[in-house]
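Shown here: start-v5.csv, CSV, C-alpha atoms and all ligand atoms.
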```csv
chain,number,residue,atom,x,y,z
A,218,MET,CA,0.0,0.0,0.0
A,219,ALA,CA,1.4,3.4,-1.0
A,220,GLU,CA,2.5,5.9,1.5
A,221,LEU,CA,0.7,9.2,1.3
A,222,ILE,CA,2.7,12.3,0.4
A,223,ASP,CA,1.3,14.9,2.7
A,224,GLY,CA,1.4,18.1,0.7
A,225,LYS,CA,-0.6,20.0,3.3
A,226,ALA,CA,2.0,19.3,6.1
A,227,ILE,CA,5.0,19.9,3.8
A,228,ALA,CA,3.4,23.2,2.6
A,229,ALA,CA,2.8,24.2,6.2
A,230,GLY,CA,6.4,23.7,7.0
A,231,ILE,CA,7.5,25.8,4.0
A,232,ARG,CA,5.1,28.5,4.9
A,233,ALA,CA,6.4,28.6,8.5
A,234,ASP,CA,10.0,28.8,7.2
A,235,VAL,CA,9.0,31.7,4.9
A,236,ALA,CA,7.4,33.5,7.8
A,237,THR,CA,10.6,33.3,9.8
A,238,ALA,CA,12.6,34.5,6.8
A,239,VAL,CA,10.2,37.4,6.2
A,240,ALA,CA,10.5,38.5,9.8
A,241,ALA,CA,14.3,38.5,9.6
A,242,PHE,CA,14.2,40.4,6.2
A,243,THR,CA,11.8,43.0,7.6
A,244,ALA,CA,13.9,43.5,10.7
A,245,GLN,CA,17.0,43.9,8.6
A,246,THR,CA,15.7,46.1,5.8
A,247,GLY,CA,12.5,47.8,7.1
A,248,TYR,CA,10.7,46.5,4.0
A,249,VAL,CA,7.7,44.2,4.1
A,250,PRO,CA,7.7,41.9,1.0
A,251,THR,CA,4.6,42.8,-1.0
A,252,LEU,CA,2.6,40.9,-3.6
A,253,ALA,CA,0.2,42.5,-6.1
A,254,THR,CA,-2.5,40.3,-7.5
A,255,VAL,CA,-4.6,41.0,-10.6
A,256,LEU,CA,-7.9,39.3,-11.0
A,257,VAL,CA,-10.0,40.0,-14.2
A,258,GLY,CA,-13.6,38.9,-14.4
A,259,ASP,CA,-15.8,37.0,-11.9
A,260,ASP,CA,-14.8,33.3,-12.2
A,261,ALA,CA,-15.5,31.9,-8.8
A,262,GLY,CA,-12.6,29.4,-8.8
A,263,SER,CA,-10.1,32.1,-9.7
A,264,ALA,CA,-11.5,34.4,-7.0
A,265,TYR,CA,-11.2,31.6,-4.5
A,266,TYR,CA,-7.5,31.0,-5.4
A,267,VAL,CA,-6.7,34.7,-5.2
A,268,ARG,CA,-8.3,35.0,-1.8
A,269,ALA,CA,-6.2,32.0,-0.6
A,270,LYS,CA,-3.1,33.7,-1.9
A,271,HIS,CA,-3.9,36.9,0.1
A,272,ARG,CA,-4.5,34.9,3.3
A,273,ALA,CA,-1.2,33.1,2.8
A,274,CYS,CA,0.7,36.3,2.4
A,275,LYS,CA,-0.8,37.7,5.5
A,276,SER,CA,0.0,34.6,7.6
A,277,ALA,CA,3.6,34.8,6.3
A,278,GLY,CA,3.9,38.4,7.4
A,279,MET,CA,3.8,39.8,3.8
A,280,LYS,CA,1.6,42.5,2.4
A,281,SER,CA,-0.6,41.9,-0.5
A,282,VAL,CA,-2.6,44.3,-2.7
A,283,GLY,CA,-5.5,43.0,-4.8
A,284,HIS,CA,-6.7,44.5,-8.0
A,285,GLU,CA,-10.1,43.2,-9.1
A,286,LEU,CA,-11.2,44.3,-12.6
A,287,SER,CA,-14.4,43.6,-14.4
A,288,ALA,CA,-14.7,41.0,-17.2
A,289,GLU,CA,-15.1,43.9,-19.7
A,290,THR,CA,-11.6,45.3,-18.9
A,291,THR,CA,-9.8,46.2,-22.1
A,292,GLN,CA,-6.3,45.1,-23.1
A,293,ALA,CA,-5.1,48.7,-22.8
A,294,GLU,CA,-6.5,49.1,-19.3
A,295,LEU,CA,-4.9,45.9,-18.1
A,296,GLU,CA,-1.6,46.8,-19.8
A,297,SER,CA,-1.7,50.2,-18.1
A,298,LEU,CA,-2.3,48.6,-14.7
A,299,LEU,CA,0.7,46.3,-15.2
A,300,LYS,CA,2.9,49.3,-16.2
A,301,THR,CA,1.9,51.0,-13.0
A,302,LEU,CA,2.6,47.9,-10.9
A,303,ASN,CA,6.0,47.4,-12.6
A,304,ASP,CA,6.9,51.0,-11.8
A,305,ASP,CA,5.6,50.9,-8.2
A,306,ASP,CA,8.7,50.4,-6.0
A,307,SER,CA,6.6,49.1,-3.1
A,308,ILE,CA,5.5,46.0,-5.1
A,309,ASP,CA,7.9,43.1,-5.1
A,310,GLY,CA,5.9,40.5,-6.9
A,311,ILE,CA,3.0,40.6,-9.5
A,312,LEU,CA,0.6,37.7,-10.0
A,313,VAL,CA,-1.9,37.9,-12.8
A,314,GLN,CA,-4.5,35.2,-12.1
A,315,LEU,CA,-5.0,33.0,-15.2
A,316,PRO,CA,-7.0,32.3,-17.3
A,317,LEU,CA,-7.8,35.9,-18.5
A,318,PRO,CA,-11.0,36.6,-20.4
A,319,LYS,CA,-10.9,35.5,-24.1
A,320,HIS,CA,-10.7,39.0,-25.5
A,321,ILE,CA,-7.4,39.6,-23.7
A,322,ASP,CA,-4.1,38.7,-25.3
A,323,GLU,CA,-2.8,36.7,-22.3
A,324,GLN,CA,0.7,36.0,-23.5
A,325,ARG,CA,1.3,39.7,-24.1
A,326,ILE,CA,0.1,40.5,-20.5
A,327,ILE,CA,2.3,37.8,-19.0
A,328,ASP,CA,5.3,39.1,-20.9
A,329,LEU,CA,4.6,42.6,-19.6
A,330,VAL,CA,5.3,41.6,-16.0
A,331,ALA,CA,8.7,42.9,-15.1
A,332,ILE,CA,11.2,40.0,-15.0
A,333,GLU,CA,12.3,40.9,-11.4
A,334,LYS,CA,8.6,40.9,-10.2
A,335,ASP,CA,7.5,37.8,-12.2
A,336,VAL,CA,6.8,35.5,-9.2
A,337,ASP,CA,4.7,33.2,-11.3
A,338,GLY,CA,7.6,32.6,-13.6
A,339,PHE,CA,5.4,32.6,-16.7
A,340,ASN,CA,7.2,35.5,-18.5
A,341,VAL,CA,8.7,34.1,-21.7
A,342,GLN,CA,12.2,35.3,-20.5
A,343,ASN,CA,11.9,33.1,-17.4
A,344,ILE,CA,10.5,30.1,-19.2
A,345,GLY,CA,13.1,30.6,-22.0
A,346,ALA,CA,16.0,30.6,-19.4
A,347,LEU,CA,14.5,27.5,-17.8
A,348,ALA,CA,14.6,25.8,-21.3
A,349,MET,CA,18.2,26.5,-22.0
A,350,ARG,CA,21.2,24.7,-20.6
A,351,GLY,CA,23.5,27.0,-18.7
A,352,ARG,CA,20.8,29.6,-18.1
A,353,GLU,CA,19.2,30.3,-14.8
A,354,PRO,CA,15.6,31.6,-14.6
A,355,ARG,CA,15.0,34.3,-12.0
A,356,PHE,CA,11.7,32.5,-11.1
A,357,SER,CA,10.2,29.1,-11.9
A,358,PRO,CA,6.4,28.6,-11.8
A,359,ALA,CA,5.0,27.7,-8.4
A,360,THR,CA,3.2,24.4,-9.1
A,361,PRO,CA,6.2,22.8,-10.9
A,362,LEU,CA,8.5,24.0,-8.0
A,363,GLY,CA,6.0,22.5,-5.6
A,364,ILE,CA,6.1,19.1,-7.4
A,365,MET,CA,10.0,19.2,-7.3
A,366,ARG,CA,9.8,20.0,-3.6
A,367,LEU,CA,7.4,17.1,-2.9
A,368,LEU,CA,9.8,14.7,-4.7
A,369,SER,CA,12.8,16.0,-2.7
A,370,GLU,CA,10.9,15.8,0.6
A,371,ILE,CA,10.3,12.0,0.1
A,372,GLY,CA,14.0,11.6,-0.7
A,373,VAL,CA,13.9,10.8,-4.4
A,374,ASP,CA,17.2,11.0,-6.3
A,375,LEU,CA,16.0,12.1,-9.8
A,376,ASN,CA,19.3,11.2,-11.5
A,377,GLY,CA,18.5,8.9,-14.4
A,378,LYS,CA,14.9,8.2,-13.2
A,379,ASN,CA,12.2,7.7,-15.8
A,380,VAL,CA,9.4,10.2,-15.5
A,381,ALA,CA,6.1,10.2,-17.4
A,382,MET,CA,4.8,13.7,-17.3
A,383,ILE,CA,1.2,13.7,-18.6
A,384,GLY,CA,-0.1,17.1,-19.9
A,385,ARG,CA,1.9,19.8,-21.7
A,386,SER,CA,0.4,23.0,-20.4
A,387,ASN,CA,2.4,26.2,-20.0
A,388,LEU,CA,1.4,26.2,-16.3
A,389,VAL,CA,2.4,22.7,-15.3
A,390,GLY,CA,3.5,20.1,-17.8
A,391,THR,CA,6.0,22.0,-19.9
A,392,PRO,CA,7.9,23.8,-17.0
A,393,THR,CA,7.8,20.6,-14.9
A,394,THR,CA,9.4,18.7,-17.7
A,395,LEU,CA,12.2,21.3,-17.9
A,396,LEU,CA,12.8,21.3,-14.2
A,397,LEU,CA,13.0,17.5,-14.1
A,398,ALA,CA,15.3,17.4,-17.1
A,399,ASN,CA,17.6,19.9,-15.4
A,400,ALA,CA,17.6,17.6,-12.4
A,401,ASN,CA,18.9,14.8,-14.7
A,402,ALA,CA,15.7,12.8,-15.0
A,403,THR,CA,14.7,11.2,-18.3
A,404,VAL,CA,11.3,12.7,-19.0
A,405,THR,CA,8.7,11.5,-21.4
A,406,LEU,CA,6.1,14.3,-22.0
A,407,CYS,CA,2.8,12.6,-22.8
A,408,HIS,CA,-0.3,14.5,-24.1
A,409,SER,CA,-3.6,14.1,-25.9
A,410,ARG,CA,-1.9,12.8,-29.0
A,411,THR,CA,0.2,10.2,-27.2
A,412,ARG,CA,-0.5,6.7,-28.5
A,413,ASN,CA,-0.8,4.0,-25.8
A,414,LEU,CA,-0.3,6.1,-22.7
A,415,ALA,CA,0.1,3.0,-20.5
A,416,GLU,CA,3.2,2.0,-22.4
A,417,HIS,CA,4.9,5.1,-21.1
A,418,THR,CA,3.5,5.1,-17.6
A,419,ARG,CA,4.4,1.4,-17.0
A,420,LEU,CA,8.1,2.3,-17.7
A,421,ALA,CA,8.0,5.3,-15.3
A,422,ASP,CA,9.6,5.4,-11.9
A,423,ILE,CA,7.5,8.6,-11.4
A,424,VAL,CA,4.2,9.4,-13.0
A,425,ILE,CA,2.9,13.0,-12.9
A,426,SER,CA,-0.5,13.8,-14.2
A,427,ALA,CA,-1.8,17.3,-14.9
A,428,VAL,CA,-4.6,16.8,-17.4
A,429,GLY,CA,-8.0,17.2,-15.7
A,430,ARG,CA,-9.6,13.9,-16.5
A,431,PRO,CA,-10.8,11.7,-13.6
A,432,ASN,CA,-9.6,8.0,-13.7
A,433,LEU,CA,-7.1,8.7,-16.6
A,434,ILE,CA,-4.4,6.7,-14.7
A,435,THR,CA,-5.3,3.4,-13.1
A,436,GLY,CA,-3.2,1.0,-11.0
A,437,GLU,CA,-2.7,-1.4,-13.9
A,438,MET,CA,-0.9,1.4,-15.9
A,439,LEU,CA,1.7,1.8,-13.2
A,440,LYS,CA,5.0,0.1,-12.3
A,441,GLU,CA,5.2,-1.6,-8.9
A,442,GLY,CA,6.8,0.8,-6.4
A,443,CYS,CA,6.5,3.9,-8.5
A,444,ILE,CA,5.8,7.4,-7.3
A,445,VAL,CA,2.5,9.1,-8.3
A,446,ILE,CA,2.0,12.9,-8.3
A,447,ASP,CA,-1.5,13.9,-9.1
A,448,VAL,CA,-1.7,17.6,-10.0
A,449,ALA,CA,-5.3,17.7,-11.3
A,450,ILE,CA,-8.3,18.9,-9.3
A,451,ASN,CA,-11.6,17.7,-10.9
A,452,GLU,CA,-15.1,18.1,-9.5
A,453,VAL,CA,-17.2,15.0,-9.8
A,454,ALA,CA,-20.9,14.8,-8.9
A,455,ASP,CA,-21.5,13.1,-5.6
A,456,GLU,CA,-25.0,13.2,-4.0
A,457,THR,CA,-23.6,12.1,-0.6
A,458,ALA,CA,-21.3,15.2,-0.5
A,459,LYS,CA,-22.6,18.4,1.1
A,460,ARG,CA,-21.8,20.5,-1.9
A,461,GLY,CA,-23.1,17.9,-4.3
A,462,TYR,CA,-19.6,17.1,-5.7
A,463,ARG,CA,-16.3,15.9,-4.5
A,464,LEU,CA,-12.7,16.6,-5.7
A,465,VAL,CA,-10.6,14.0,-7.4
A,466,GLY,CA,-7.5,14.0,-9.5
A,467,ASP,CA,-6.6,12.2,-12.7
A,468,VAL,CA,-5.5,9.1,-10.9
A,469,ALA,CA,-7.9,6.3,-9.8
A,470,PHE,CA,-6.6,6.5,-6.3
A,471,GLU,CA,-7.8,3.2,-4.9
A,472,SER,CA,-6.3,1.1,-7.6
A,473,ALA,CA,-3.1,3.2,-7.9
A,474,GLU,CA,-2.3,3.1,-4.1
A,475,LYS,CA,-2.1,-0.7,-4.3
A,476,VAL,CA,0.7,-0.5,-6.8
A,477,ALA,CA,2.6,2.8,-6.1
A,478,ALA,CA,5.1,3.3,-3.2
A,479,HIS,CA,4.2,6.9,-2.7
A,480,ILE,CA,1.1,8.8,-3.9
A,481,THR,CA,-0.3,12.3,-3.4
A,482,PRO,CA,-3.9,12.7,-2.3
A,483,VAL,CA,-6.4,15.1,-4.0
A,484,PRO,CA,-7.0,17.4,-2.3
A,485,GLY,CA,-4.0,17.9,0.1
A,486,GLY,CA,-1.2,16.9,-2.3
A,487,VAL,CA,0.2,19.3,-4.9
A,488,GLY,CA,-2.5,22.0,-4.3
A,489,PRO,CA,-1.2,23.4,-1.0
A,490,MET,CA,2.4,23.4,-2.5
A,491,THR,CA,1.5,26.0,-5.2
A,492,ILE,CA,0.7,28.7,-2.6
A,493,ALA,CA,3.7,27.8,-0.5
A,494,MET,CA,6.1,28.1,-3.5
A,495,LEU,CA,4.4,31.4,-4.5
A,496,LEU,CA,5.4,32.8,-1.1
A,497,VAL,CA,8.9,31.4,-1.5
A,498,ASN,CA,9.1,33.3,-4.9
A,499,THR,CA,7.7,36.5,-3.5
A,500,LEU,CA,10.3,36.5,-0.6
A,501,LYS,CA,13.0,35.8,-3.2
A,502,ALA,CA,11.8,38.7,-5.3
A,503,ALA,CA,11.9,41.1,-2.3
A,504,GLN,CA,15.4,39.8,-1.3
A,505,LEU,CA,16.8,40.2,-4.8
A,506,ARG,CA,15.2,43.7,-5.3
A,507,ARG,CA,16.5,44.9,-1.9
A,508,ALA,CA,19.8,43.0,-2.5
A,509,THR,CA,20.0,41.3,0.8
A,510,THR,CA,21.1,37.9,-0.6
B,1,LIG,N1,-4.3,29.7,-12.6
B,1,LIG,C1,-4.1,28.4,-12.3
B,1,LIG,N2,-2.9,28.2,-11.7
B,1,LIG,C2,-2.3,29.4,-11.7
B,1,LIG,C3,-1.0,29.8,-11.2
B,1,LIG,O1,-0.2,29.1,-10.7
B,1,LIG,N3,-0.8,31.2,-11.3
B,1,LIG,C4,-1.7,32.0,-11.9
B,1,LIG,N4,-1.3,33.3,-12.0
B,1,LIG,N5,-2.8,31.6,-12.4
B,1,LIG,C5,-3.2,30.3,-12.2
```
Would you write out, as structure tokens, the structure that this file holds?
Amino acid sequence: MAELIDGKAIAAGIRADVATAVAAFTAQTGYVPTLATVLVGDDAGSAYYVRAKHRACKSAGMKSVGHELSAETTQAELESLLKTLNDDDSIDGILVQLPLPKHIDEQRIIDLVAIEKDVDGFNVQNIGALAMRGREPRFSPATPLGIMRLLSEIGVDLNGKNVAMIGRSNLVGTPTTLLLANANATVTLCHSRTRNLAEHTRLADIVISAVGRPNLITGEMLKEGCIVIDVAINEVADETAKRGYRLVGDVAFESAEKVAAHITPVPGGVGPMTIAMLLVNTLKAAQLRRATT
């Protein structure tokens, strides 16, 4: 039976360490690390995540400033806000919650975030540096960093390990593949056009899924003793649940836990790590901007 990877506990430890470091930073410099968030439109899920990010900043002793804009906000208005935040010396990190409404050119907005404030690590300069040997991005995206941290917390040596990364999104699959390759893993990036997914997952020492399809990965697709990291959060109807649905990942947990050695739960696995690593990045931004490291 697989051991659970307790992302909630690991994230709590990281957040406590960040809080200690923030207190030391503020005592030394007089500055309070400050995150600006930008939320466009009224998607309930995005609003929930942004609120959670503000709460996390507060509990770590950081400041956060929220900008909530209507779904009708124009490209020019959003660009103007970003220029203001880039120029505002009191802001260390800028997070534009994704996805943006369809009429907005999302890539252009992401690339407008000043490189030294890009705590999400989605700016093409940061991702480009991550993709090149011998280059060091200033920031890497939070969820991929969280996945790497979970693997290191359970003591995995990634050197030469086979990893099946399922899903090639800009937010998770692609940057995680790059981080893993930089850590000397052999990564197979699987996606919707991959033929016979099970052929790849059965060879993998580590299977990471970030697709958004319940029961995509079952125990019979896994190698005995592998590690399973389930990044997805899917709502499935459940009449017995108070809200009428429950949260599941991409992995059929009950069959997978019989084969894997380690597995993340959903919720409580990768999810809490994303916010913890955002705090790590925001503190790093403040430290680099105020040159204390
Ligand atoms: N939407 C879903 N995940 C993320 C994330 O990590 N950062 C931002 N900005 N938006 C998201």
Near-Val476 of chain A list (10 Å; all atoms listed in the file; drop same-chain fewer than 4 positions) as a ChimeraX atom specification: /A:218-219,435-445,471-472,480
Find the spatial neighbours of segment 230-236 of chain A, counting all atoms listed in the file, within a cut-off of 7 Å - ignore same-chain residues fewer than 5 positions away - and output them as a list in words. Ala277, Gly278, Ala493 and Val497 of chain A
Per residue of chain A within 7 Å of ligand LIG 1 (chain B), record the nearest atom pair and its distance in Å to one decimal, counting only C-alpha atoms and all ligand atoms, with rows in chain order and ascending residue number, as a tab-separated table.
```
residue	atom	partner	partner_atom	distance
A:Ser263	CA	B:LIG1	N1	6.9
A:Leu312	CA	B:LIG1	N4	5.2
A:Val313	CA	B:LIG1	N4	4.7
A:Gln314	CA	B:LIG1	N4	3.7
A:Leu315	CA	B:LIG1	N5	3.8
A:Pro316	CA	B:LIG1	N1	6.0
A:Asp337	CA	B:LIG1	N3	5.9
A:Pro358	CA	B:LIG1	O1	6.7
A:Ala359	CA	B:LIG1	O1	5.9
A:Thr360	CA	B:LIG1	O1	6.0
A:Leu388	CA	B:LIG1	O1	6.5
A:Thr491	CA	B:LIG1	O1	6.5
```
Between atom CA of Ala273 of chain A and atom CA of Thr246 of chain A, what is the distance, to one decimal in Å?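 Distance between the two atoms: 21.5 Å.
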Identify, on the basis of all atoms listed in the file, every residue whose closest approach to Leu395 of chain A does not exceed 9 Å; exclude the query and any residue fewer than 2 positions from it along the same chain; express the result as a list in words.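 That gives Leu347, Ala348, Met349, Gly390, Thr391, Pro392, Thr393, Leu397, Ala398, Asn399, Ala400 and Val404 of chain A.
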Long-range neighbours of Lys300 of chain A as a list in words, 12 Å cut-off, all atoms listed in the file, 3 positions minimum in chain: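 Result of the neighbour search: Ala293, Glu294, Leu295, Glu296, Ser297, Asn303, Asp304, Asp305, Asp306, Ile308, Ile311, Ile326, Ile327, Asp328, Leu329, Val330, Ala331 and Lys334 of chain A.
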Need the shell around Cys407 of chain A: protein/DNA/RNA residues with any atom at most 9 Å away, counting only C-alpha atoms. Skip same-chain ones fewer than 5 positions apart. Format as a list of chain:residue names? A:Ala381, A:Met382, A:Ile383, A:Gly384, A:Arg385, A:Arg412, A:Leu414, A:His417
Which residue out of A:Leu298, A:Ala253, A:Val267, A:Lys501 has the minimum interatomic distance to Val282 of chain A when all atoms listed in the file are used?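 The answer is A:Ala253, which sits nearest to Val282 of chain A.
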As a check of understanding: the span from atom CA of Ala478 of chain A to atom CA of Met494 of chain A is 24.8 Å
Which residue is closest to Asp223 of chain A? Choose from A:Thr499, A:Thr481, A:Ser426, A:Thr457 and count only C-alpha atoms.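 For Asp223 of chain A, the nearest of the given residues is A:Thr481.
With all atoms listed in the file as the basis for measurement, A:Ile332 is the residue among A:Ile332, A:Ala449, A:Leu396, A:Ile423 that approaches Leu505 of chain A most closely.
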Where atoms are lacking, segment 352-382 of chain A completed to N, CA and C atoms, as an mmCIF file, keeping the file's coordinate frame:
```
data_model
loop_
_atom_site.group_PDB
_atom_site.id
_atom_site.type_symbol
_atom_site.label_atom_id
_atom_site.label_comp_id
_atom_site.auth_asym_id
_atom_site.auth_seq_id
_atom_site.Cartn_x
_atom_site.Cartn_y
_atom_site.Cartn_z
ATOM 1 N N ARG A 352 21.545 28.408 -18.481
ATOM 2 C CA ARG A 352 20.800 29.600 -18.100
ATOM 3 C C ARG A 352 20.055 29.378 -16.833
ATOM 4 N N GLU A 353 19.870 30.404 -16.050
ATOM 5 C CA GLU A 353 19.200 30.300 -14.800
ATOM 6 C C GLU A 353 17.973 31.221 -14.781
ATOM 7 N N PRO A 354 16.727 30.709 -14.720
ATOM 8 C CA PRO A 354 15.600 31.600 -14.600
ATOM 9 C C PRO A 354 15.627 32.359 -13.288
ATOM 10 N N ARG A 355 15.099 33.564 -13.258
ATOM 11 C CA ARG A 355 15.000 34.300 -12.000
ATOM 12 C C ARG A 355 13.940 33.552 -11.110
ATOM 13 N N PHE A 356 12.813 33.209 -11.756
ATOM 14 C CA PHE A 356 11.700 32.500 -11.100
ATOM 15 C C PHE A 356 11.253 31.341 -11.917
ATOM 16 N N SER A 357 10.906 30.233 -11.242
ATOM 17 C CA SER A 357 10.200 29.100 -11.900
ATOM 18 C C SER A 357 8.793 29.092 -11.392
ATOM 19 N N PRO A 358 7.846 28.581 -12.205
ATOM 20 C CA PRO A 358 6.400 28.600 -11.800
ATOM 21 C C PRO A 358 6.218 27.762 -10.506
ATOM 22 N N ALA A 359 5.221 28.197 -9.745
ATOM 23 C CA ALA A 359 5.000 27.700 -8.400
ATOM 24 C C ALA A 359 4.597 26.200 -8.348
ATOM 25 N N THR A 360 3.663 25.798 -9.200
ATOM 26 C CA THR A 360 3.200 24.400 -9.100
ATOM 27 C C THR A 360 4.348 23.436 -9.488
ATOM 28 N N PRO A 361 5.066 23.675 -10.594
ATOM 29 C CA PRO A 361 6.200 22.800 -10.900
ATOM 30 C C PRO A 361 7.254 22.806 -9.751
ATOM 31 N N LEU A 362 7.529 23.971 -9.156
ATOM 32 C CA LEU A 362 8.500 24.000 -8.000
ATOM 33 C C LEU A 362 7.914 23.171 -6.860
ATOM 34 N N GLY A 363 6.607 23.229 -6.665
ATOM 35 C CA GLY A 363 6.000 22.500 -5.600
ATOM 36 C C GLY A 363 6.120 20.958 -5.826
ATOM 37 N N ILE A 364 5.975 20.544 -7.080
ATOM 38 C CA ILE A 364 6.100 19.100 -7.400
ATOM 39 C C ILE A 364 7.580 18.689 -7.131
ATOM 40 N N MET A 365 8.544 19.517 -7.543
ATOM 41 C CA MET A 365 10.000 19.200 -7.300
ATOM 42 C C MET A 365 10.224 19.080 -5.800
ATOM 43 N N ARG A 366 9.614 19.969 -5.033
ATOM 44 C CA ARG A 366 9.800 20.000 -3.600
ATOM 45 C C ARG A 366 9.230 18.695 -2.961
ATOM 46 N N LEU A 367 8.045 18.286 -3.422
ATOM 47 C CA LEU A 367 7.400 17.100 -2.900
ATOM 48 C C LEU A 367 8.370 15.867 -3.150
ATOM 49 N N LEU A 368 8.941 15.818 -4.362
ATOM 50 C CA LEU A 368 9.800 14.700 -4.700
ATOM 51 C C LEU A 368 11.082 14.729 -3.812
ATOM 52 N N SER A 369 11.621 15.925 -3.567
ATOM 53 C CA SER A 369 12.800 16.000 -2.700
ATOM 54 C C SER A 369 12.480 15.663 -1.269
ATOM 55 N N GLU A 370 11.288 16.049 -0.829
ATOM 56 C CA GLU A 370 10.900 15.800 0.600
ATOM 57 C C GLU A 370 10.784 14.271 0.845
ATOM 58 N N ILE A 371 10.412 13.481 -0.176
ATOM 59 C CA ILE A 371 10.300 12.000 0.100
ATOM 60 C C ILE A 371 11.670 11.346 -0.291
ATOM 61 N N GLY A 372 12.680 12.171 -0.548
ATOM 62 C CA GLY A 372 14.000 11.600 -0.700
ATOM 63 C C GLY A 372 14.363 10.998 -2.018
ATOM 64 N N VAL A 373 13.667 11.418 -3.091
ATOM 65 C CA VAL A 373 13.900 10.800 -4.400
ATOM 66 C C VAL A 373 15.184 11.424 -5.024
ATOM 67 N N ASP A 374 16.074 10.562 -5.511
ATOM 68 C CA ASP A 374 17.200 11.000 -6.300
ATOM 69 C C ASP A 374 16.770 10.940 -7.775
ATOM 70 N N LEU A 375 16.607 12.094 -8.415
ATOM 71 C CA LEU A 375 16.000 12.100 -9.800
ATOM 72 C C LEU A 375 17.021 11.685 -10.859
ATOM 73 N N ASN A 376 18.294 11.615 -10.530
ATOM 74 C CA ASN A 376 19.300 11.200 -11.500
ATOM 75 C C ASN A 376 18.951 9.957 -12.266
ATOM 76 N N GLY A 377 18.730 10.079 -13.567
ATOM 77 C CA GLY A 377 18.500 8.900 -14.400
ATOM 78 C C GLY A 377 17.126 8.254 -14.237
ATOM 79 N N LYS A 378 16.267 8.816 -13.395
ATOM 80 C CA LYS A 378 14.900 8.200 -13.200
ATOM 81 C C LYS A 378 14.060 8.465 -14.445
ATOM 82 N N ASN A 379 13.186 7.497 -14.726
ATOM 83 C CA ASN A 379 12.200 7.700 -15.800
ATOM 84 C C ASN A 379 10.973 8.346 -15.271
ATOM 85 N N VAL A 380 10.609 9.456 -15.891
ATOM 86 C CA VAL A 380 9.400 10.200 -15.500
ATOM 87 C C VAL A 380 8.434 10.253 -16.647
ATOM 88 N N ALA A 381 7.177 9.894 -16.411
ATOM 89 C CA ALA A 381 6.100 10.200 -17.400
ATOM 90 C C ALA A 381 5.376 11.397 -16.923
ATOM 91 N N MET A 382 5.559 12.510 -17.643
ATOM 92 C CA MET A 382 4.800 13.700 -17.300
ATOM 93 C C MET A 382 3.629 13.763 -18.296
#
```
